[in-house]
file work_30.txt (compact mmCIF, C-alpha atoms)
# COMPACT_ATOMS: atom_id res chain seq x y z
CA MET A 30 -42.71 -49.79 64.81
CA LEU A 31 -44.88 -49.16 67.87
CA ARG A 32 -43.51 -50.32 71.21
CA PRO A 33 -44.44 -49.60 74.81
CA ALA A 34 -42.09 -47.24 76.57
CA GLY A 35 -39.94 -48.31 79.49
CA LEU A 36 -38.90 -51.73 78.17
CA ASP A 37 -35.65 -52.96 76.65
CA LEU A 38 -36.60 -53.76 73.08
CA THR A 39 -33.21 -53.88 71.42
CA ASP A 40 -33.69 -57.57 70.54
CA PRO A 41 -36.46 -58.24 68.01
CA GLY A 42 -36.40 -61.93 68.84
CA ALA A 43 -34.63 -64.79 67.14
CA ALA A 44 -35.55 -68.21 65.90
CA PRO A 45 -35.92 -70.57 68.89
CA ASP A 46 -32.72 -72.40 69.84
CA PRO A 47 -32.71 -76.18 70.43
CA GLU A 48 -33.65 -75.81 74.11
CA GLU A 49 -36.54 -73.48 73.26
CA LEU A 50 -37.70 -75.88 70.55
CA ARG A 51 -37.62 -78.70 73.09
CA ARG A 52 -39.75 -76.64 75.44
CA LEU A 53 -42.11 -75.75 72.60
CA GLY A 54 -42.55 -79.44 71.79
CA GLU A 55 -43.09 -80.28 75.44
CA LEU A 56 -45.83 -77.66 75.76
CA ALA A 57 -47.37 -78.88 72.51
CA LEU A 58 -47.81 -82.28 74.16
CA THR A 59 -48.93 -81.03 77.59
CA VAL A 60 -51.11 -78.06 76.51
CA GLY A 61 -51.89 -78.21 72.79
CA ALA A 62 -52.65 -81.93 72.63
CA PRO A 63 -55.07 -81.95 75.61
CA ALA A 64 -56.90 -78.96 74.15
CA LEU A 65 -57.18 -80.78 70.82
CA VAL A 66 -58.47 -84.02 72.34
CA LEU A 67 -60.97 -82.26 74.61
CA SER A 68 -62.26 -80.13 71.74
CA LEU A 69 -62.72 -83.24 69.60
CA LEU A 70 -64.59 -85.22 72.25
CA LEU A 71 -66.61 -82.67 74.23
CA PRO A 72 -69.06 -81.99 71.38
CA LEU A 73 -70.36 -85.54 71.84
CA VAL A 74 -71.74 -84.36 75.17
CA VAL A 75 -72.35 -80.69 74.40
CA LYS A 76 -74.24 -81.04 71.10
CA PRO A 77 -77.25 -82.92 72.56
CA LEU A 78 -77.41 -80.39 75.38
CA LEU A 79 -77.42 -77.45 72.96
CA ALA A 80 -80.21 -79.03 70.93
CA ARG A 81 -82.21 -79.63 74.11
CA TRP A 82 -81.69 -76.05 75.24
CA GLY A 83 -82.75 -74.71 71.85
CA VAL A 84 -79.42 -73.01 71.06
CA LEU A 85 -79.96 -72.99 67.30
CA ASP A 86 -78.81 -70.79 64.43
CA VAL A 87 -81.71 -69.72 62.21
CA PRO A 88 -80.61 -68.37 58.78
CA ASN A 89 -80.83 -64.57 58.32
CA GLU A 90 -79.46 -61.89 56.00
CA ARG A 91 -75.90 -62.53 57.19
CA SER A 92 -76.02 -66.30 56.95
CA SER A 93 -74.16 -68.41 54.41
CA HIS A 94 -76.31 -71.47 55.21
CA GLN A 95 -79.94 -72.26 54.42
CA ARG A 96 -81.00 -74.55 57.28
CA THR A 97 -81.26 -74.33 61.05
CA VAL A 98 -78.06 -75.58 62.69
CA VAL A 99 -76.98 -76.17 66.28
CA ARG A 100 -74.79 -73.31 67.42
CA GLY A 101 -72.95 -72.65 70.64
CA MET A 102 -70.45 -75.47 70.09
CA GLY A 103 -67.86 -72.89 71.05
CA LEU A 104 -68.82 -73.89 74.58
CA ALA A 105 -66.92 -77.15 74.06
CA VAL A 106 -63.96 -75.29 72.56
CA ALA A 107 -63.96 -72.82 75.45
CA VAL A 108 -63.90 -75.61 78.03
CA ALA A 109 -61.06 -77.30 76.13
CA VAL A 110 -58.94 -74.14 75.81
CA LEU A 111 -59.50 -72.95 79.36
CA LEU A 112 -58.89 -76.36 80.93
CA ALA A 113 -55.72 -76.93 78.91
CA TYR A 114 -54.27 -73.50 79.59
CA GLY A 115 -55.48 -73.31 83.19
CA GLY A 116 -54.17 -76.82 83.83
CA ALA A 117 -50.76 -75.79 82.51
CA LEU A 118 -50.67 -72.88 84.95
CA LEU A 119 -51.73 -75.10 87.86
CA ALA A 120 -49.10 -77.69 86.91
CA GLY A 121 -46.36 -75.06 86.98
CA ALA A 122 -45.64 -75.05 83.25
CA VAL A 123 -45.39 -71.25 83.42
CA VAL A 124 -43.05 -70.05 86.17
CA VAL A 125 -42.36 -66.49 84.93
CA ASP A 126 -45.01 -63.81 84.38
CA ARG A 127 -47.75 -65.98 85.85
CA SER A 128 -49.81 -62.86 86.55
CA VAL A 129 -49.72 -62.01 82.85
CA ALA A 130 -50.78 -65.55 82.00
CA LEU A 131 -53.68 -65.32 84.44
CA VAL A 132 -54.87 -62.07 82.84
CA VAL A 133 -54.90 -63.72 79.41
CA LEU A 134 -56.79 -66.70 80.84
CA ALA A 135 -59.31 -64.37 82.49
CA VAL A 136 -59.91 -62.40 79.27
CA ALA A 137 -60.57 -65.61 77.33
CA ALA A 138 -62.91 -66.94 80.04
CA LEU A 139 -64.87 -63.71 80.46
CA CYS A 140 -65.29 -63.20 76.72
CA ALA A 141 -66.47 -66.78 76.30
CA ALA A 142 -68.92 -66.34 79.17
CA LEU A 143 -70.32 -63.16 77.61
CA GLY A 144 -70.74 -64.97 74.29
CA TRP A 145 -72.51 -67.85 75.99
CA VAL A 146 -75.00 -65.50 77.64
CA GLU A 147 -75.66 -63.95 74.22
CA ASP A 148 -76.18 -67.41 72.68
CA TYR A 149 -78.43 -68.68 75.44
CA ARG A 150 -80.62 -65.72 76.33
CA GLY A 151 -79.47 -62.68 74.37
CA VAL A 152 -77.78 -59.44 75.42
CA SER A 153 -78.50 -55.95 74.09
CA VAL A 154 -75.94 -54.36 71.77
CA ARG A 155 -75.15 -51.73 74.38
CA GLY A 156 -74.83 -54.37 77.06
CA ARG A 157 -72.41 -56.44 74.97
CA LEU A 158 -70.28 -53.42 74.09
CA ALA A 159 -70.16 -52.23 77.69
CA ALA A 160 -69.10 -55.68 78.86
CA GLN A 161 -66.43 -55.98 76.15
CA LEU A 162 -65.00 -52.57 77.00
CA GLY A 163 -65.10 -53.44 80.69
CA ILE A 164 -63.15 -56.66 80.09
CA GLY A 165 -60.62 -54.80 77.96
CA LEU A 166 -60.22 -52.00 80.49
CA ALA A 167 -59.80 -54.33 83.47
CA ALA A 168 -57.33 -56.59 81.66
CA THR A 169 -55.21 -53.77 80.28
CA GLY A 170 -55.26 -51.98 83.61
CA VAL A 171 -53.87 -55.01 85.40
CA LEU A 172 -51.26 -55.57 82.69
CA VAL A 173 -50.13 -51.94 82.80
CA ALA A 174 -49.76 -52.14 86.58
CA VAL A 175 -47.99 -55.52 86.59
CA LEU A 176 -45.62 -54.76 83.72
CA GLY A 177 -44.98 -51.15 84.69
CA THR A 178 -45.82 -49.64 81.30
CA SER A 179 -47.33 -46.24 80.58
CA VAL A 180 -50.99 -45.67 81.47
CA TRP A 181 -51.36 -44.14 78.00
CA TRP A 182 -51.58 -47.70 76.68
CA LEU A 183 -54.75 -48.23 78.72
CA PRO A 184 -57.23 -46.96 76.08
CA VAL A 185 -55.30 -48.71 73.32
CA GLY A 186 -55.49 -52.12 75.00
CA THR A 187 -59.12 -51.58 76.00
CA LEU A 188 -60.24 -50.75 72.48
CA ALA A 189 -58.06 -53.44 70.91
CA ILE A 190 -59.64 -56.23 72.96
CA ALA A 191 -63.21 -55.01 72.51
CA ALA A 192 -62.72 -54.39 68.79
CA TYR A 193 -61.15 -57.74 67.99
CA VAL A 194 -63.81 -59.65 69.89
CA ASN A 195 -66.34 -58.07 67.54
CA MET A 196 -64.17 -58.62 64.47
CA ALA A 197 -63.86 -62.32 65.23
CA ASN A 198 -67.62 -62.44 65.64
CA PHE A 199 -68.24 -60.67 62.31
CA MET A 200 -65.81 -62.95 60.49
CA ASP A 201 -67.38 -66.17 61.80
CA GLY A 202 -69.73 -66.59 58.88
CA ILE A 203 -68.63 -69.63 56.88
CA ASN A 204 -67.57 -73.17 57.70
CA GLY A 205 -63.97 -73.56 58.82
CA ILE A 206 -62.92 -69.93 58.96
CA SER A 207 -62.76 -69.56 62.76
CA GLY A 208 -61.29 -72.99 63.36
CA LEU A 209 -58.52 -72.36 60.85
CA HIS A 210 -57.93 -68.85 62.17
CA GLY A 211 -57.60 -70.08 65.74
CA LEU A 212 -55.25 -72.84 64.62
CA ALA A 213 -53.03 -70.58 62.49
CA ALA A 214 -52.95 -67.54 64.77
CA GLY A 215 -52.47 -69.73 67.85
CA LEU A 216 -49.46 -71.47 66.31
CA LEU A 217 -48.01 -68.16 65.11
CA TYR A 218 -48.33 -66.71 68.59
CA ALA A 219 -46.79 -69.83 70.13
CA TRP A 220 -43.81 -69.44 67.80
CA ALA A 221 -43.59 -65.73 68.67
CA GLY A 222 -43.59 -66.66 72.35
CA ALA A 223 -40.75 -69.12 71.81
CA SER A 224 -38.82 -66.53 69.81
CA ASN A 225 -39.20 -63.97 72.60
CA ASP A 226 -38.71 -66.37 75.54
CA LEU A 227 -42.28 -65.96 76.83
CA THR A 228 -43.47 -69.35 78.04
CA TRP A 229 -46.92 -68.06 78.96
CA MET A 230 -47.40 -66.94 75.34
CA VAL A 231 -46.29 -70.31 73.98
CA ALA A 232 -48.76 -72.12 76.23
CA ALA A 233 -51.61 -69.73 75.44
CA GLY A 234 -51.04 -69.95 71.70
CA LEU A 235 -50.91 -73.75 71.76
CA ALA A 236 -54.09 -73.97 73.84
CA VAL A 237 -55.95 -71.80 71.33
CA ALA A 238 -54.50 -73.68 68.36
CA GLY A 239 -55.38 -77.09 69.81
CA GLY A 240 -58.87 -76.07 70.87
CA PHE A 241 -59.87 -74.63 67.52
CA ALA A 242 -58.18 -77.42 65.57
CA GLY A 243 -60.37 -79.88 67.44
CA PHE A 244 -63.47 -77.99 66.32
CA LEU A 245 -62.61 -78.26 62.61
CA PRO A 246 -63.85 -81.84 62.03
CA TRP A 247 -67.22 -80.81 63.44
CA ASN A 248 -67.54 -77.72 61.27
CA LEU A 249 -65.71 -78.25 57.98
CA GLY A 250 -67.60 -79.39 54.94
CA ARG A 251 -71.29 -79.75 55.77
CA GLY A 252 -70.99 -77.66 58.93
CA THR A 253 -73.24 -79.64 61.26
CA VAL A 254 -72.55 -77.27 64.16
CA PHE A 255 -71.48 -73.65 64.59
CA LEU A 256 -69.32 -71.98 67.21
CA GLY A 257 -71.90 -69.39 68.15
CA ASP A 258 -70.96 -66.20 69.97
CA VAL A 259 -69.37 -68.17 72.80
CA GLY A 260 -66.82 -69.52 70.32
CA SER A 261 -66.19 -66.36 68.30
CA TYR A 262 -65.91 -64.26 71.48
CA LEU A 263 -63.46 -66.82 72.87
CA LEU A 264 -61.43 -66.61 69.66
CA GLY A 265 -61.34 -62.83 69.56
CA GLY A 266 -60.79 -62.41 73.30
CA SER A 267 -58.02 -64.97 73.59
CA LEU A 268 -56.06 -63.70 70.58
CA ALA A 269 -56.51 -60.05 71.50
CA GLY A 270 -55.60 -60.79 75.12
CA ILE A 271 -52.43 -62.55 74.03
CA ALA A 272 -51.54 -59.73 71.63
CA VAL A 273 -52.06 -56.92 74.16
CA ALA A 274 -50.21 -58.77 76.92
CA ALA A 275 -47.31 -59.63 74.61
CA PHE A 276 -47.10 -56.08 73.25
CA LEU A 277 -46.98 -54.60 76.75
CA SER A 278 -44.33 -57.25 77.58
CA GLY A 279 -42.11 -55.87 74.84
CA VAL A 280 -42.81 -58.11 71.85
CA TYR A 281 -42.48 -56.31 68.53
CA VAL A 282 -45.73 -55.53 66.75
CA GLU A 283 -44.46 -57.39 63.67
CA TYR A 284 -45.06 -60.62 65.58
CA LEU A 285 -48.49 -59.61 66.82
CA LEU A 286 -50.46 -57.64 64.25
CA PRO A 287 -49.97 -59.75 61.06
CA PRO A 288 -51.80 -62.83 62.45
CA LEU A 289 -54.81 -60.55 63.01
CA ALA A 290 -54.36 -58.34 59.94
CA VAL A 291 -56.77 -60.10 57.55
CA TYR A 292 -59.63 -59.96 60.03
CA VAL A 293 -58.88 -56.30 60.80
CA ALA A 294 -58.62 -55.32 57.13
CA ASP A 295 -61.72 -57.26 56.05
CA THR A 296 -63.87 -55.85 58.85
CA ALA A 297 -62.63 -52.26 58.57
CA VAL A 298 -62.96 -52.02 54.79
CA THR A 299 -66.40 -53.68 54.82
CA LEU A 300 -67.61 -51.26 57.49
CA LEU A 301 -66.32 -48.23 55.57
CA ARG A 302 -67.88 -49.50 52.34
CA ARG A 303 -71.28 -49.93 53.97
CA VAL A 304 -71.16 -46.53 55.68
CA ARG A 305 -70.20 -44.80 52.42
CA ALA A 306 -73.05 -46.60 50.65
CA GLY A 307 -75.50 -45.27 53.24
CA GLU A 308 -76.38 -48.73 54.53
CA ASP A 309 -77.35 -49.54 58.11
CA TRP A 310 -73.90 -50.83 59.03
CA TYR A 311 -75.13 -52.49 62.23
CA ARG A 312 -77.64 -54.75 60.48
CA PRO A 313 -76.82 -58.36 59.42
CA HIS A 314 -75.22 -58.58 55.98
CA ARG A 315 -73.12 -60.73 53.67
CA SER A 316 -70.70 -58.17 52.25
CA HIS A 317 -67.45 -59.19 53.95
CA VAL A 318 -64.66 -60.11 51.57
CA TYR A 319 -64.63 -63.74 52.73
CA GLN A 320 -68.39 -63.98 52.07
CA ARG A 321 -68.08 -62.40 48.63
CA LEU A 322 -65.40 -64.94 47.81
CA THR A 323 -68.04 -67.66 48.18
CA ASP A 324 -70.42 -65.62 46.00
CA ALA A 325 -67.64 -65.49 43.39
CA GLY A 326 -67.47 -69.28 43.27
CA LEU A 327 -65.22 -70.47 46.08
CA SER A 328 -66.48 -73.05 48.56
CA HIS A 329 -66.66 -72.28 52.26
CA VAL A 330 -63.47 -74.26 52.80
CA GLY A 331 -61.82 -72.54 49.83
CA SER A 332 -62.58 -69.08 51.17
CA SER A 333 -61.44 -70.07 54.66
CA LEU A 334 -58.18 -71.41 53.25
CA VAL A 335 -57.57 -68.15 51.38
CA VAL A 336 -58.00 -66.17 54.60
CA THR A 337 -55.69 -68.55 56.46
CA ALA A 338 -53.04 -68.61 53.72
CA VAL A 339 -52.90 -64.81 53.60
CA THR A 340 -52.65 -64.72 57.41
CA VAL A 341 -49.69 -67.10 57.45
CA LEU A 342 -47.98 -65.40 54.50
CA VAL A 343 -48.06 -61.87 55.91
CA SER A 344 -47.02 -63.15 59.35
CA VAL A 345 -43.98 -65.04 58.07
CA VAL A 346 -42.87 -62.17 55.83
CA SER A 347 -43.23 -59.64 58.64
CA VAL A 348 -41.06 -61.64 61.04
CA LEU A 349 -38.42 -62.37 58.40
CA GLY A 350 -38.27 -58.67 57.53
CA LEU A 351 -37.93 -57.70 61.18
CA ARG A 352 -35.03 -60.08 61.76
CA THR A 353 -33.19 -59.10 58.57
CA GLY A 354 -32.87 -55.37 59.16
CA PRO A 355 -34.52 -51.94 58.80
CA THR A 356 -34.64 -51.95 55.00
CA ALA A 357 -36.07 -55.46 54.92
CA THR A 358 -38.65 -54.44 57.53
CA VAL A 359 -39.87 -51.61 55.30
CA LEU A 360 -39.99 -53.87 52.24
CA ALA A 361 -41.82 -56.53 54.23
CA GLY A 362 -44.36 -53.94 55.35
CA ALA A 363 -44.95 -52.88 51.75
CA PHE A 364 -45.36 -56.51 50.72
CA VAL A 365 -47.87 -57.12 53.51
CA LEU A 366 -49.94 -54.12 52.45
CA ALA A 367 -49.86 -55.32 48.83
CA VAL A 368 -51.02 -58.83 49.80
CA LEU A 369 -53.82 -57.44 51.97
CA GLY A 370 -54.84 -55.16 49.11
CA LEU A 371 -54.96 -58.13 46.75
CA TYR A 372 -57.10 -60.05 49.23
CA LEU A 373 -59.56 -57.17 49.48
CA VAL A 374 -60.09 -56.99 45.71
CA LEU A 375 -59.96 -60.75 45.11
CA PRO A 376 -63.77 -61.18 44.95
CA GLU A 377 -63.98 -58.66 42.11
CA LEU A 378 -61.11 -60.33 40.27
CA LEU A 379 -62.72 -63.76 40.58
CA ALA A 380 -66.11 -62.41 39.55
CA ARG A 381 -64.66 -60.81 36.41
CA ARG A 382 -62.82 -63.99 35.55
CA GLY A 383 -66.01 -65.99 35.97
CA ALA A 384 -67.95 -63.55 33.80
CA ARG A 385 -65.37 -63.82 31.02
CA ARG A 386 -65.55 -67.61 31.15
CA ARG A 387 -69.33 -67.58 30.94
CA THR A 388 -69.39 -65.20 27.96
CA GLY A 389 -66.41 -66.75 26.24
CA ALA A 390 -64.70 -63.36 26.03
CA PRO A 391 -60.93 -63.27 25.59
CA ARG A 392 -58.88 -62.81 28.78
call {"tool": "encode", "arguments": {"input": "work_30.txt", "output": "structure tokens"}}
result
Amino acid sequence: MLRPAGLDLTDPGAAPDPEELRRLGELALTVGAPALVLSLLLPLVVKPLLARWGVLDVPNERSSHQRTVVRGMGLAVAVAVLLAYGGALLAGAVVVDRSVALVVLAVAALCAALGWVEDYRGVSVRGRLAAQLGIGLAATGVLVAVLGTSVWWLPVGTLAIAAYVNMANFMDGINGISGLHGLAAGLLYAWAGASNDLTWMVAAGLAVAGGFAGFLPWNLGRGTVFLGDVGSYLLGGSLAGIAVAAFLSGVYVEYLLPPLAVYVADTAVTLLRRVRAGEDWYRPHRSHVYQRLTDAGLSHVGSSLVVTAVTVLVSVVSVLGLRTGPTATVLAGAFVLAVLGLYLVLPELLARRGARRRTGAPR
């Protein structure tokens, strides 16, 4: 189990006590609920503006849709998340580790801003990568200095933030997947914050969960609007920022990695598969596991729910294993790997099942 040196990590966290649950509920009302309401209502104003500005998504090789759709609605989600979380900080909801909370807020805001520039006018691949690495380096550097952890974690945090921003962008390819991921991972991180007595983490997780939950009615089903890079960069930056800050604060990795594990596994395996096949890995494509699930017969919502269900399952099992003891932790890790492995081969299993049904062959 990886942990930053120099911190007392003898306590892996426990289920929130009644007082912590009360505080969690209070923050849900003062941070999560405003983010949800703002994210639900702001598109009424933002959508006409995006259409006027010509921020549209034209189908390409990577697309799972066939018509031009308004994108960039992540701008509304970003405003909702940042206002809810920033408002909580201004109102004094977070009284300990405010500097850490501000770093997380800054990472989310800067990533969203970079995504908006890409949506509105375009940024070169090198420019985007340089900016992502710069955000990761600056954020991790401040966290290392504030929390007094080893500088050796600097490259780890830098790469983690830049990498997950891109992973969230790659995985934002079907209706509902990013909204559900933000909702699930945000709630899981809020619970982890409550378990580890980190109010800033609770507030951040609830802001993300509320903001992306509010986007779901606009995107599920027919998918009349898309997040765009502003939304996917916000998602990746906020979750990665929370994870890096919490890890450097002493939270066990079993709380932090599982909520991100499906996105990491899907992106990494897809990239390796394309490289081994001699494909131009940097070109648009539709070979992610979640995309192949739709090719195998699942709807967009069905595939998104599979991704979300696996995320919640591996997260719950990891935390239960951690709290039970060393042996249970090892068994939980093996279970998580098995579930992720099943997810990765699920498109092939569904395709074979569909082929047998069509041919009438025995199972």
call {"tool": "residues_around", "arguments": {"input": "work_30.txt", "residues": "Val154 (chain A)", "least_positions_apart": "3", "cutoff": "12 Å", "atoms": "all atoms listed in the file", "output": "number ranges by chain"}}
result
A: 143, 147, 151, 157-161, 195, 311-312
call {"tool": "residues_around", "arguments": {"input": "work_30.txt", "residues": "Phe244 (chain A)", "least_positions_apart": "5", "cutoff": "10 Å", "atoms": "all atoms listed in the file", "output": "ChimeraX atom specification"}}
result
/A:65-72,102-103,105-106,205,207-209,211-212,239,249,254-256,260
call {"tool": "closest_residue", "arguments": {"input": "work_30.txt", "among": "A:Tyr372, A:Ala223, A:Leu366, A:Ser347", "to": "Ala44 (chain A)", "atoms": "all atoms listed in the file"}}
result
A:Ala223
call {"tool": "atom_distance", "arguments": {"input": "work_30.txt", "atom1": "CA of Leu277 (chain A)", "atom2": "CA of Ser128 (chain A)"}}
result
13.1 Å
call {"tool": "closest_residue", "arguments": {"input": "work_30.txt", "among": "A:Ser153, A:Asn204, A:Ser333, A:Thr353", "to": "Trp247 (chain A)", "atoms": "all atoms listed in the file"}}
result
A:Asn204
call {"tool": "residues_around", "arguments": {"input": "work_30.txt", "residues": "Leu322 (chain A)", "least_positions_apart": "2", "cutoff": "8 Å", "atoms": "only C-alpha atoms", "output": "count of residues only"}}
result
11
